[in-house]
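These notes are about the structure you will find just below.
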Amino acid sequence: MSDRDLSHQFETLEQQALASSLGIWVFLATEVLFFGGLFLLYTVYRIKYPAAFMESSKLMDIKLGVINTAILLTSSLTMALAVHSAEEGEKKQATLRWLFLTMFLGIVFLGIKGIEYHHKFVEHLVPGPDFVLESINQQQAQIFFGLYFAMTGLHALHMIIGLGVLSVMGGMTWMGKFTKAYSNPIHVAGLYWHFVDVLWIFLFPLLYLIGNR
Amino acid sequence: MRISTPIKTYLNVYIGLLALLAATVGAVYVNLGPWNIVITMAIACTKAFLVVTFFMHLRANARAVWIYASLGVIWISFLIGGTLADVLTR
Amino acid sequence: MTTSAQAKNYITNDYHVWSWVATRDHKRIALMYLVAITSFFFLGGLAALAMRLQLLTPHTELVQAETYNKLFTLHGVTMVFFFLIPGIPAVLGNFLLPLMLGSRDLAFPRLNLASFYVYLLGASFTLAAAVLGGVDTGWTFYTPYSSTYSNTHVITMGIGIFITGFSSILTGLNFIVTTHTMRAPGLTWFRLPLFVWALYATSLIIVLGTPVIAVTLLLLILERGFHMGIFDPALGGDPLLFQHLFWFYSHPAVYIMVLPSMGVVSELIPCFARKRIFGYNFIAFSSLAIAILGFFVWGHHMFISGQSLYAGLIFSFLSFLVAIPSAVKVFNWTATLYKGRIYLRTPMLYALGFIGLFTIGGLTGIMLACLGLDAHVHDTYFIIAHFHYIMVGGTIMAYLGGIHFWWPKISGKLYPEFWGKLSAMIVFVGFNLTFFPQFILGYLGMPRRISTYPPEFQVFNVMSTAGATILGVGYLMPFIYLIWSLRYGKDAGPNPWNATGLEWTTASPPPTENFAEVPTVSEEAYDYRSRPEIGNV
């Protein structure tokens, strides 16, 4: 069993596990910098246009935002439990249960996000020729909403990819690939999912919770 | 190398995360002036720390992993710091 | 002992096309990269040739001004993103890193193959943009011209470069993990060849910097599509933010381009001076220092952009600092040569050329770090000369030196030494004739990126164009004789140079799995004292 799980370029399973761990963390570092550019723009423009950012943030639906944040935090818990289940060599039904729950929560998150986007579209808050806003400096508000869509859009794209990855993990679990000795892929998938959660942990307050209500 | 975390720990962390979520939303309705942003970011960092430490098991990993995990965050601060050094002093 | 002709090696292992298309062998992937980047080198070279012909006279009508803009954009984009940045890492790095570490392949072979196909995908978009009519913004894509006013295929080319960035990231990631986890028993960090240190430092830059250019291009595309206003002053945006984001990667990118070439030189000098490298630790740490310090200096591209004076002062000071580790390397190479037993073979000619030309390029870089001087020569040919001395006089010379040095290992054949030496000398002469006059032109005030010029600049432009033609011949020659050697070259043994390093302990060309058994290392690197004679070449 362990020979089949050991790729030819590695000498031992430990070496392989270390390599896959280091690999995903290096990748996550690149993701941090990828979003970093957006955080830079956000920081600069929030400093430049504090009033516009504050007023625009109040137009965000805080209820949906809180619900979505809670959903994502819960999905992180279920993901951790899925990985735990696989690494402990539990029955595959147990792992699959947690994986499906995680994916379900992810889909709900995206659904709510879709509803929010739809609201923004209807309210003419999507940057472009249709953008209309009476109360706040239009140019500055458009920058806020541009960043909102770019940051949450990119985040949502990462979640969709995460759902794809989890489907593959579901398939591998169902085929009995994960044992106490070998569970690298699901461990890697878990780290990716948690990272997407950490991103949202920062996105939520920065976009939804500027200023007081 | 792999930490075997008891399920109870996961649940405790989860409850902590939800509590922090409530706190950060609650803070929106309390006017603390410039401290609002500080508290918001502190709470976000705490939540992130919990996820990274307990869900992502960063502590269990080799030193190389620690280094790369921190490099991403440190490097963003260089990007933002360097740019602000220009934007704020024009 | 079986000769390379008889034993199965990584080339003869399987002749089916699919075995190449779907290969996971780092050596085959390296060869495929070699073909791809050489093609882009010639494409970028053609663009340069067209530009130099246009600049032969003050008002040549070879190309219109708009076309000229598209030519220098194409030249910059292909040379930077599709030749120099992948260049040594994707070809020599991919081929040699596992061999130098004593391992069978990289940590993630399938990711390596994916990286190559991602490169091809990005290349396709970029070529499509060129074929559809090109881009006229310069490879720097400054806003708001690129985001609002240019009527060219910015989005298509932006997508192409965006995709190619991921190819680079995957390679860097692979190298980092491989170096950390797959060193042979006994191969501690400080016994590694310096080429490995160079590749490691390069990979560090790649993974930290490339994501930023990726998101920057994405934002440029979004800005062009949706006019959010982030980079357009007419919409409340700040065009300097684009420049900060762009140069945060693009300055470290030049170290991505030069560090691997320094690593090659660190391999060539000890071998052809038959002497242990002087100051191994200094060279190793200087590579890391360059990688890290290189991230702190990007504002020196923006001295006259409207950036604050105080930021300019900080970036100027830090730019002086980053020159120090580079200088450390030059001193150590020179000290290695001292009392060495010098063999002026082709790779050594390129290495020596590198040291001289890189030094000139580096010194002019320090000149440019001075705010006052840069204000005078920014956007002139002085800048062009500076970076070509490093990119072409430095990186490309080292690249050619490395290709010649490891050609026997890669192909199992020896290249013809006479033609090698002759080409190296032609390249050296052609290079200096092309680019030294450009220092003078820039200092006298000739601006860059403009297709015409005042008549008093013609003499130096003619010299430069003449030099470019000679340089082109010098590049064409290795292309011809290296291919020739594949069929008619003498068989190389495992170690024609009697060099140190694990790659020389296996057959030329190596078998697919690199080593019959995993080697153990017990010596320091560059132990040339025990092998004073160069090989039987």
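Chain labels run A, B, ... following the order of the structure tokens; each chain numbers its residues from 1, and ligands are numbered from 1 in the order shown.
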Point to revise | Distance-based interface of chain A with chain B, 6 Å, counting only C-alpha atoms, as a list of chain:residue names | key: A:Leu22, A:Val26, A:Ala29, A:Val32, A:Gly36, A:Leu40, A:Ala80, A:Leu191, A:Val198, A:Phe202, A:Asn212, A:Arg213
Practice item. Output the contact residues of chain C with respect to chain B at a cut-off of 7 Å, based on only C-alpha atoms, as number ranges by chain. Key: C: 208, 244, 307-308, 310-311
Review point. Could you pull the residues within 8 Å of Gly160 of chain C, counting only C-alpha atoms, minus those fewer than 5 positions along the same chain, as a count of residues only?
Key: 6
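For Val108 of chain A, the list of residues within 9 Å, based on only C-alpha atoms and with local chain neighbours fewer than 5 positions off taken out, reads A:Asn68, A:Ile71, A:Met103, A:Lys113.
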Restricted to C-alpha atoms, what would the selected residues look like written as an mmCIF file, in the first residue's frame?
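As written to disk, result_3.cif reads:
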data_model
loop_
_atom_site.group_PDB
_atom_site.id
_atom_site.type_symbol
_atom_site.label_atom_id
_atom_site.label_comp_id
_atom_site.auth_asym_id
_atom_site.auth_seq_id
_atom_site.Cartn_x
_atom_site.Cartn_y
_atom_site.Cartn_z
ATOM 1 C CA ASN A 68 -21.658 34.574 5.132
ATOM 2 C CA ILE A 71 -20.924 30.136 7.161
ATOM 3 C CA MET A 103 -18.839 21.958 0.095
ATOM 4 C CA LYS A 113 -22.683 36.371 -2.584
#
Exercise for review: Pull out every residue of chain C that has at least one atom within 6 Å of chain A, counting only C-alpha atoms, and report them as an NGL selection string.
Suggested key: :C and (104-105 or 177 or 207-208 or 211-212 or 215 or 226-229 or 235-236)
Those same residues - C-alpha atoms - I'd like them written as a compact mmCIF listing (two decimals), in the first residue's frame.
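The new file selection_5.txt reads:
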# COMPACT_ATOMS: atom_id res chain seq x y z
CA ARG C 104 15.89 11.60 -9.56
CA ASP C 105 13.70 14.56 -10.47
CA VAL C 177 10.71 22.59 -2.29
CA VAL C 207 7.37 33.40 -5.50
CA LEU C 208 7.27 36.70 -3.63
CA PRO C 211 2.02 37.35 -7.82
CA VAL C 212 2.14 41.14 -7.58
CA VAL C 215 -2.63 41.07 -9.81
CA PHE C 226 -14.76 48.75 -16.31
CA HIS C 227 -13.06 52.13 -15.74
CA MET C 228 -13.24 51.84 -11.98
CA GLY C 229 -10.86 54.77 -11.70
CA LEU C 235 -11.62 59.38 -12.46
CA GLY C 236 -10.05 60.13 -9.10
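The environment of Phe40 of chain C within 8 Å, counting only C-alpha atoms and disregarding residues fewer than 5 places along the same chain, consists of Thr78, Met79, Phe82 and Phe83 of chain C.
Residues in contact with Asp374 of chain C at up to 9 Å, not including ones fewer than 6 positions away on its chain and judged by only C-alpha atoms, are His300, Phe303, Ile304, Met367, Leu368 and Ile383 of chain C.
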What does the file look like for those residues with C-alpha atoms, as a JSON list (two decimals), in the first residue's frame?
[["chain", "number", "residue", "atom", "x", "y", "z"],
["C", 300, "HIS", "CA", 14.31, 54.28, -8.37],
["C", 303, "PHE", "CA", 12.37, 59.27, -9.47],
["C", 304, "ILE", "CA", 10.82, 61.77, -11.88],
["C", 367, "MET", "CA", 25.26, 56.32, -11.19],
["C", 368, "LEU", "CA", 21.55, 56.06, -11.91],
["C", 383, "ILE", "CA", 19.15, 53.81, -19.27]]
